[in-house]
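Visitor: Attaching a single structure in structure tokens format; questions to follow.
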Amino acid sequence: MKFKLTFWRVVFIVIMGLGLYSAFIRFFYGLGAVSNMSDQFPWGLWIGFDLLCGVMLAAGGFCIVGAVYLFNVERLHSVVRPAVLTAFLGYVLFIVGLLFDLGRPWYIWHQLVYMNPRSVMFEVGICVMSYTTVLFFEFLPNVLERFNLQTPIKWIKKIYPVLIILGILLSTLHQSSLGSLYLIMPSKLHPFWYTPALPFLFFGSAIAVGLAMTIFESTQSAKAFGRHLELPVLVELGGALLVALWVNALLRFEDYFHRGLLGQIIKPSYEAYFLWLELALAFVIPITMLSFKKIRLSPNGLYLASIFSLLGFITNRLNVSLTGFETYVGHHYVPKWTEFSVTLMIIAAGFALFGLAVKHLPIYPQEEHAVEQRPQTQTRPVVATAVLGHAGD
Amino acid sequence: MSKALLYDATMCIGCKQCEGACAQQNKLPYDDKVAAESVQSEHKFTVVLTKDDKFMRRLCMHCEHPACASVCPVGALHKTKEGPVVYDVWKCIGCRYCMTACAFAQPKYEWHSLNPRVRKCIMCPDRIADGKPTACAEICPTGATKFGERDDLIREAQDRIRQNPSTYLPRIYGLNEVGGTSVFILSSMKVEEYGYPASAKIGDTPMPEYTGRVMERIPDFIPVWTLVLGGIYWVSHRRDEVAAAEAQEKEKNGSAR
């Protein structure tokens with residue numbers, strides 16, 4: 001195959017080049033040289049985005065697996081494989097991102113040896129390691145099918161109920177625990193974001209984002225791979241997303257109401273602006289959009305609504321991890337360009353791997369839909385690069 | 001018995017000898033340039049601050065229930081029974097949760113090292129083991145920093161306030177804050193003016209309780225949630241089995257007739 005230099009390939013190469021340069025700075029000159037983190041801001045973009053948002057964006061895996069295998073909602077079967085693929089890639093890449101952020105990443109295995117069960121970070125670490133293993137086995141049948149290895153597929157099918165229940169258990173634990181991480185900082189984190197309800201809010205937002213992410217990636221793949229869009233599935237997910245957004249919005253309202261903050265959040269302040277942005281993107285816009293039947297039934301409407309809510313919940317987690325500390329610290333934290341470029345490199349790698357997997361593994365063709373879709377996807381060699389570009393979005 | 005430090009700001013003359021002794025004890029560089037730095041850092045564990053001709057020392061508070069130790073995923077920080085909160089660098093993975101969790105913002109980081117360590121005052125555990133006071137307390141010419149038994153120092157601080165109520169603010173900072181510390185501060189000016197977190201803000205609750213309340217539920221949550229998930233799985237799949245069996249039955253009956 002001849003290598004063609006398309007626009008998105010150039011973007012991809014530039015992102016990778018800058019990312020590798022930043023990686024070089026990180027591992028040869030240290031965290032201080034590569035980032036704007038400091039004693040005042042010990043956690044920066046890599047924790048705020050790569051960890052908190054990365055794990056949230058990979059939540060589609062357990063949401064869809066839960067819906068299809070636990071609640072037996074057969075209608076969503078066609079999105080299970082892409083959701084599991086996204087989750088698996090998401091967690092693997094998140095662990096790669098963690099290796100950049102940890103000061104002594106070569107000791108990451110200490111987590112398994114010197115355990116401190118009182119630590120939320122320990123719990124998150126153990127759950128993420130275990131869940132990535134579970135996802136590996138949930139993903140493995142794709143590879144085994146590709147090489148037509150029937151015996152191991154049978155073994156995995158036998159333990160599938162265990163994998164599903166274990167996966168959802170581990171997800172419940174660490175998705176909520178990411179919020180618990182911040183429970184120990186009541187005097188530092190701004191009251192708009194510090195609440196004893198943090199673990200519940202993080203779990204709730206993970207479910208909403210899991211649904212939104214599945215809509216987003218289905219539409220995105222349909223565009224990039226020329227797949228036929230399964231509208232009924234998207235409409236179903238859109239309805240579920242609307243419910244999840246309402247539940248999240250009510251949780252947030254209840255929380256502010258019980259802590260008597262409703263008066264404060266409507267008063268203009270630095271934090272309030274960021275809060276408004278978050279609430280508008282995560283709730284007001286997508287809930288309004290999805291309330292119109294016409295939008296809820298249109299692929300573009302669903303796509304846009306899911307993007308808004310994704311951006312909203314990303315803003316929320318960045319507010320919890322970065323904005324919420326600025327008043328306490330007394331100055332702003334703006335990530336260095338090298339921090340951004342490492343994050344971008346990881347996202348770009350995610351898109352590339354997703355493209356490669358879709359191209360070479362039976363991710364989209366299902367048992368029942370196999371005939372209509374398969375030939376089309378396999379004859380499209382440029383697909384991978386088409387998606388890559390969206391890494392820069 | 002647990003040891004502690006009592007720092008009486010009204011007795012401090014701002015000579016900064018504690019800074020120098022601390023640097024020497026911890027093998028850190030100390031010269032006029034470092035002495036002029038008014039912030040704590042990875043090479044300055046304690047600092048003497050000046051405001052309106054009055055002095056204030058900052059150092060790790062060595063909490064009775066340290067947040068840093070409770071959050072460390074690998075247990076690299078722990079409180080010894082003698083009082084100091086110490087750090088085992090060989091365990092540390094560099095996640096910096098201790099830094100974000102500490103209400104007093106004491107742990108500092110070697111940001112420019114390729115094998116970075118968390119740095120903070122560790123209350124000279126080797127000296128304490130030898131029965132000696134901490135380096136800062138030993139060198140203090142006025143006795144502003146005093147080393148001793150925690151209970152004795154609390155009593156002494158209370159006596160000083162009682163005997164000179166006009167000199168001191170009527171509180172011992174560190175006695176109740178975040179559930180009590182092993183460093184007590186007496187002063188005529190509010191410690192908040194020197195960057196210490198306000199007592200009202202950090203409260204009297206031991207920091208580990210905030211996360212502990214959630215963490216202690218996990219051992220119960222796991223079996224209950226597993227049963228719930230297993231139950232849902234069983235019910236939703238049972239429905240299919242029953243439907244399939246009924247369909248089969250119908251077919252049989254139909255063909256029999």
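Every chain in the structure tokens has a letter given in the order shown (A, B, ...), and although residue numbers restart at 1 in each chain, ligands are simply numbered from 1 in the order shown.
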Using only C-alpha atoms, tabulate the residues of chain B lying at most 8 Å from any atom of chain A, each with its closest atom pair and that distance in Å to one decimal, by chain and increasing residue number, as a tab-separated table.

Guide:
```
residue	atom	partner	partner_atom	distance
B:Ser41	CA	A:Asp39	CA	7.8
B:Ala67	CA	A:Ile184	CA	7.5
B:Ser70	CA	A:Ser119	CA	5.7
B:Val71	CA	A:Ser119	CA	4.4
B:Cys72	CA	A:Ser119	CA	5.9
B:Pro73	CA	A:Phe122	CA	4.3
B:Val74	CA	A:Tyr114	CA	4.8
B:Gly75	CA	A:Asn116	CA	5.4
B:Lys91	CA	A:His110	CA	6.8
B:Cys92	CA	A:Arg104	CA	7.4
B:Ile93	CA	A:Arg104	CA	4.8
B:Gly94	CA	A:Gly103	CA	4.1
B:Cys95	CA	A:Leu102	CA	5.1
B:Arg96	CA	A:Pro42	CA	6.4
B:Tyr97	CA	A:Met121	CA	7.8
B:Met99	CA	A:Pro42	CA	6.5
B:Thr100	CA	A:Pro42	CA	6.5
B:Ala101	CA	A:Met185	CA	5.7
B:Cys102	CA	A:Met185	CA	7.8
B:Ala103	CA	A:Ser187	CA	6.9
B:Ala105	CA	A:Gln40	CA	7.8
B:Pro107	CA	A:Asp39	CA	7.9
B:Lys108	CA	A:Asp39	CA	5.6
B:Tyr109	CA	A:Asp39	CA	6.3
B:Trp111	CA	A:Gly32	CA	4.4
B:His112	CA	A:Gly32	CA	4.9
B:Ser113	CA	A:Gly30	CA	5.7
B:Leu114	CA	A:Gly30	CA	5.1
B:Asn115	CA	A:Arg104	CA	6.2
B:Pro116	CA	A:Gly103	CA	6.0
B:Lys201	CA	A:Ser187	CA	5.7
B:Ile202	CA	A:Ser187	CA	5.5
B:Met207	CA	A:Ile184	CA	6.2
B:Pro208	CA	A:Ile184	CA	6.9
B:Tyr210	CA	A:Ile184	CA	5.4
B:Thr211	CA	A:Leu183	CA	5.7
B:Gly212	CA	A:Arg118	CA	6.9
B:Val214	CA	A:Ser180	CA	7.5
B:Met215	CA	A:Arg118	CA	6.7
B:Ile222	CA	A:Leu169	CA	7.3
B:Trp225	CA	A:Leu169	CA	7.0
B:Thr226	CA	A:Leu169	CA	6.6
B:Leu229	CA	A:Ile165	CA	6.2
B:Gly230	CA	A:Ile165	CA	6.8
B:Ile232	CA	A:Leu70	CA	6.4
B:Tyr233	CA	A:Leu70	CA	4.7
B:Ser236	CA	A:Phe71	CA	5.7
B:His237	CA	A:Asn72	CA	6.7
```

Visitor: Write out as a list in words the residues lying within 10 Å of B:Gly195, counting only C-alpha atoms and excluding same-chain residues fewer than 5 positions away.

Guide: Leu49, Met56, Arg58, Phe104 and Lys190 of chain B

Visitor: Would you mind listing what lies within 8 Å of A:Gly204 as a compact mmCIF listing (two decimals) with N, CA and C atoms, in the first residue's frame, with only C-alpha atoms counted and same-chain residues fewer than 6 positions away left out?

Guide:
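Below you can see result.txt, which holds the result:
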```txt
# COMPACT_ATOMS: atom_id res chain seq x y z
N ALA A 244 -30.63 10.55 32.14
CA ALA A 244 -29.41 10.64 32.95
C ALA A 244 -29.06 12.10 33.24
N VAL A 247 -31.38 13.39 35.93
CA VAL A 247 -31.01 12.87 37.25
C VAL A 247 -29.79 13.62 37.78
N ASN A 248 -28.79 13.81 36.90
CA ASN A 248 -27.59 14.55 37.32
C ASN A 248 -27.92 15.98 37.71
```

Visitor: Contacts of A:Ser205 at 8 Å or less, counting only C-alpha atoms, minus same-chain residues fewer than 3 places along, as an MDAnalysis selection string?

Guide: chainID A and resid 56 201:202 208:209 248 313

Visitor: Grab the residues selected above and save them as a short mmCIF file (atom, residue, chain, number, x, y, z; two decimals), in the first residue's frame with N, CA and C atoms.

Guide:
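Below is the file that was written, selection11.cif:
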```
data_model
loop_
_atom_site.label_atom_id
_atom_site.label_comp_id
_atom_site.auth_asym_id
_atom_site.auth_seq_id
_atom_site.Cartn_x
_atom_site.Cartn_y
_atom_site.Cartn_z
N MET A 56 -13.71 9.01 32.95
CA MET A 56 -15.13 9.30 32.75
C MET A 56 -15.53 9.00 31.30
N LEU A 201 -21.92 12.27 42.64
CA LEU A 201 -21.93 13.11 41.44
C LEU A 201 -21.01 12.53 40.38
N PHE A 202 -19.85 12.03 40.80
CA PHE A 202 -18.91 11.47 39.83
C PHE A 202 -19.47 10.21 39.19
N ALA A 208 -23.96 9.37 32.54
CA ALA A 208 -24.40 10.29 31.48
C ALA A 208 -23.36 10.35 30.37
N VAL A 209 -22.09 10.48 30.78
CA VAL A 209 -21.02 10.59 29.79
C VAL A 209 -20.86 9.29 29.01
N ASN A 248 -28.79 13.81 36.90
CA ASN A 248 -27.59 14.55 37.32
C ASN A 248 -27.92 15.98 37.71
N PHE A 313 -19.45 18.03 31.01
CA PHE A 313 -18.92 17.22 32.11
C PHE A 313 -17.39 17.29 32.16
#
```

Visitor: Separation of atom CA of B:Glu82 and atom CA of B:Cys140, in Å?

Guide: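 About the pair atom CA of B:Glu82 and atom CA of B:Cys140: they are 21.4 Å apart.
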
Visitor: From a DSSP calculation on the backbone, collect every residue of stretch 92-229 of chain B in helix (DSSP H, G or I) and output the set as number ranges by chain.

Guide: B: 97-101, 125-129, 135-139, 150-163, 177-179, 191-194, 199-202, 208-215, 218-229

Visitor: Would you save the residues from that selection as a JSON list (two decimals), in the first residue's frame, using C-alpha atoms?

Guide:
```json
[["chain", "number", "residue", "atom", "x", "y", "z"],
["B", 97, "TYR", "CA", -1.72, 13.15, 46.73],
["B", 98, "CYS", "CA", -0.05, 14.01, 50.06],
["B", 99, "MET", "CA", 0.63, 17.51, 48.75],
["B", 100, "THR", "CA", -2.95, 18.13, 47.67],
["B", 101, "ALA", "CA", -4.39, 16.58, 50.83],
["B", 125, "PRO", "CA", 13.36, 11.25, 64.10],
["B", 126, "ASP", "CA", 16.99, 10.09, 64.37],
["B", 127, "ARG", "CA", 17.77, 12.72, 66.98],
["B", 128, "ILE", "CA", 14.60, 11.88, 68.91],
["B", 129, "ALA", "CA", 15.57, 8.21, 68.86],
["B", 135, "ALA", "CA", 17.85, 20.51, 65.65],
["B", 136, "CYS", "CA", 15.71, 23.66, 65.57],
["B", 137, "ALA", "CA", 14.77, 23.43, 69.24],
["B", 138, "GLU", "CA", 18.32, 22.68, 70.33],
["B", 139, "ILE", "CA", 19.80, 25.72, 68.60],
["B", 150, "ARG", "CA", 3.30, 16.59, 74.03],
["B", 151, "ASP", "CA", 1.21, 16.61, 77.22],
["B", 152, "ASP", "CA", 3.78, 18.67, 79.12],
["B", 153, "LEU", "CA", 3.98, 21.24, 76.35],
["B", 154, "ILE", "CA", 0.20, 21.62, 76.23],
["B", 155, "ARG", "CA", 0.18, 22.28, 79.97],
["B", 156, "GLU", "CA", 3.02, 24.72, 79.67],
["B", 157, "ALA", "CA", 1.32, 26.60, 76.82],
["B", 158, "GLN", "CA", -1.88, 26.85, 78.85],
["B", 159, "ASP", "CA", 0.11, 28.18, 81.83],
["B", 160, "ARG", "CA", 1.83, 30.82, 79.71],
["B", 161, "ILE", "CA", -1.51, 32.10, 78.40],
["B", 162, "ARG", "CA", -2.98, 32.10, 81.90],
["B", 163, "GLN", "CA", -0.02, 33.96, 83.40],
["B", 177, "GLU", "CA", -6.97, 21.92, 64.56],
["B", 178, "VAL", "CA", -7.61, 18.91, 62.30],
["B", 179, "GLY", "CA", -7.91, 16.79, 65.42],
["B", 191, "VAL", "CA", -1.30, 32.89, 62.77],
["B", 192, "GLU", "CA", -3.57, 33.30, 59.74],
["B", 193, "GLU", "CA", -1.69, 36.53, 58.97],
["B", 194, "TYR", "CA", 1.35, 34.42, 58.19],
["B", 199, "SER", "CA", -8.95, 27.24, 62.43],
["B", 200, "ALA", "CA", -12.56, 27.74, 61.41],
["B", 201, "LYS", "CA", -11.71, 26.75, 57.86],
["B", 202, "ILE", "CA", -9.83, 23.52, 58.58],
["B", 208, "PRO", "CA", -8.64, 11.12, 57.33],
["B", 209, "GLU", "CA", -12.26, 10.96, 58.48],
["B", 210, "TYR", "CA", -13.48, 12.82, 55.40],
["B", 211, "THR", "CA", -12.38, 10.02, 53.10],
["B", 212, "GLY", "CA", -12.62, 7.36, 55.81],
["B", 213, "ARG", "CA", -16.41, 7.73, 55.98],
["B", 214, "VAL", "CA", -16.60, 6.58, 52.37],
["B", 215, "MET", "CA", -13.75, 4.08, 52.44],
["B", 218, "ILE", "CA", -16.52, -0.34, 50.75],
["B", 219, "PRO", "CA", -16.10, -3.74, 52.48],
["B", 220, "ASP", "CA", -19.90, -3.85, 52.95],
["B", 221, "PHE", "CA", -20.65, -2.32, 49.58],
["B", 222, "ILE", "CA", -18.78, -4.95, 47.56],
["B", 223, "PRO", "CA", -20.80, -8.06, 48.57],
["B", 224, "VAL", "CA", -24.13, -6.18, 48.59],
["B", 225, "TRP", "CA", -23.59, -4.63, 45.15],
["B", 226, "THR", "CA", -22.32, -7.94, 43.74],
["B", 227, "LEU", "CA", -25.50, -9.64, 44.94],
["B", 228, "VAL", "CA", -27.68, -6.87, 43.49],
["B", 229, "LEU", "CA", -25.90, -7.05, 40.12]]
```

Visitor: Have a look at atom CA of A:Leu279 and atom CA of A:Thr315 and let me know their distance in Å, one decimal.

Guide: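 It comes out at 9.0 Å.
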
Visitor: Which residue is closest to A:Ala59? Choose from A:Tyr333, A:Tyr270, A:Phe3, A:Phe88 and count only C-alpha atoms.

Guide: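 That would be A:Phe88, the residue with the smallest distance to A:Ala59.
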
Visitor: I'd like the neighbourhood of B:Tyr173 as JSON, numbers by chain, where a residue qualifies if any of its atoms comes within 9 Å (using only C-alpha atoms), though same-chain residues fewer than 5 positions away should be ignored.

Guide: {"B": [180, 181, 183, 184, 185, 186, 187, 191, 199]}

Visitor: When DSSP is applied to the backbone of this structure, which of stretch 24-151 of chain B are assigned strand (DSSP E)? Write them out as a list in words.

Guide: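 Matching residues, listed in order: Val47, Val48, Leu49, Thr50, Lys51, Lys54, Phe55, Met56, Arg57, Arg58, Leu77, His78, Lys79, Val85, Val86, Tyr87, Lys108, Tyr109, Val118, Arg119, Thr145, Lys146, Phe147, Gly148 and Glu149 of chain B.
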
Visitor: Taking C-alpha atoms for each residue, export the selection above as a compact mmCIF listing (two decimals), in the first residue's frame.

Guide:
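Once written, part_28.txt looks like this:
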```
# COMPACT_ATOMS: atom_id res chain seq x y z
CA VAL B 47 10.93 29.36 57.47
CA VAL B 48 10.85 32.31 59.86
CA LEU B 49 8.47 34.96 58.58
CA THR B 50 8.46 38.62 59.55
CA LYS B 51 5.46 40.93 59.68
CA LYS B 54 6.87 40.17 64.69
CA PHE B 55 8.01 36.72 63.75
CA MET B 56 6.33 33.45 62.92
CA ARG B 57 7.76 30.05 62.11
CA ARG B 58 6.26 27.65 59.65
CA LEU B 77 4.27 8.45 54.97
CA HIS B 78 3.43 7.44 58.51
CA LYS B 79 3.23 8.84 62.00
CA VAL B 85 5.35 12.11 60.54
CA VAL B 86 8.11 10.49 58.48
CA TYR B 87 8.60 9.64 54.81
CA LYS B 108 7.00 20.11 48.81
CA TYR B 109 8.29 18.45 45.65
CA VAL B 118 8.53 14.69 48.58
CA ARG B 119 10.30 16.94 51.08
CA THR B 145 10.99 26.69 69.88
CA LYS B 146 10.80 24.14 72.68
CA PHE B 147 10.90 20.37 72.37
CA GLY B 148 9.28 18.04 74.89
CA GLU B 149 6.54 15.66 75.81
```

Visitor: Given only C-alpha atoms as the basis, pick out the residue of A:Leu262, A:Ala282, A:Leu353, A:Val233 nearest to A:Pro299.

Guide: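 Answer, going by the shortest atom-to-atom distance: A:Val233.
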
Visitor: One decimal, Å: what's the distance from atom CA of A:Leu275 over to atom CA of A:Leu304, could you say?

Guide: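 These atoms are spaced 20.9 Å apart.
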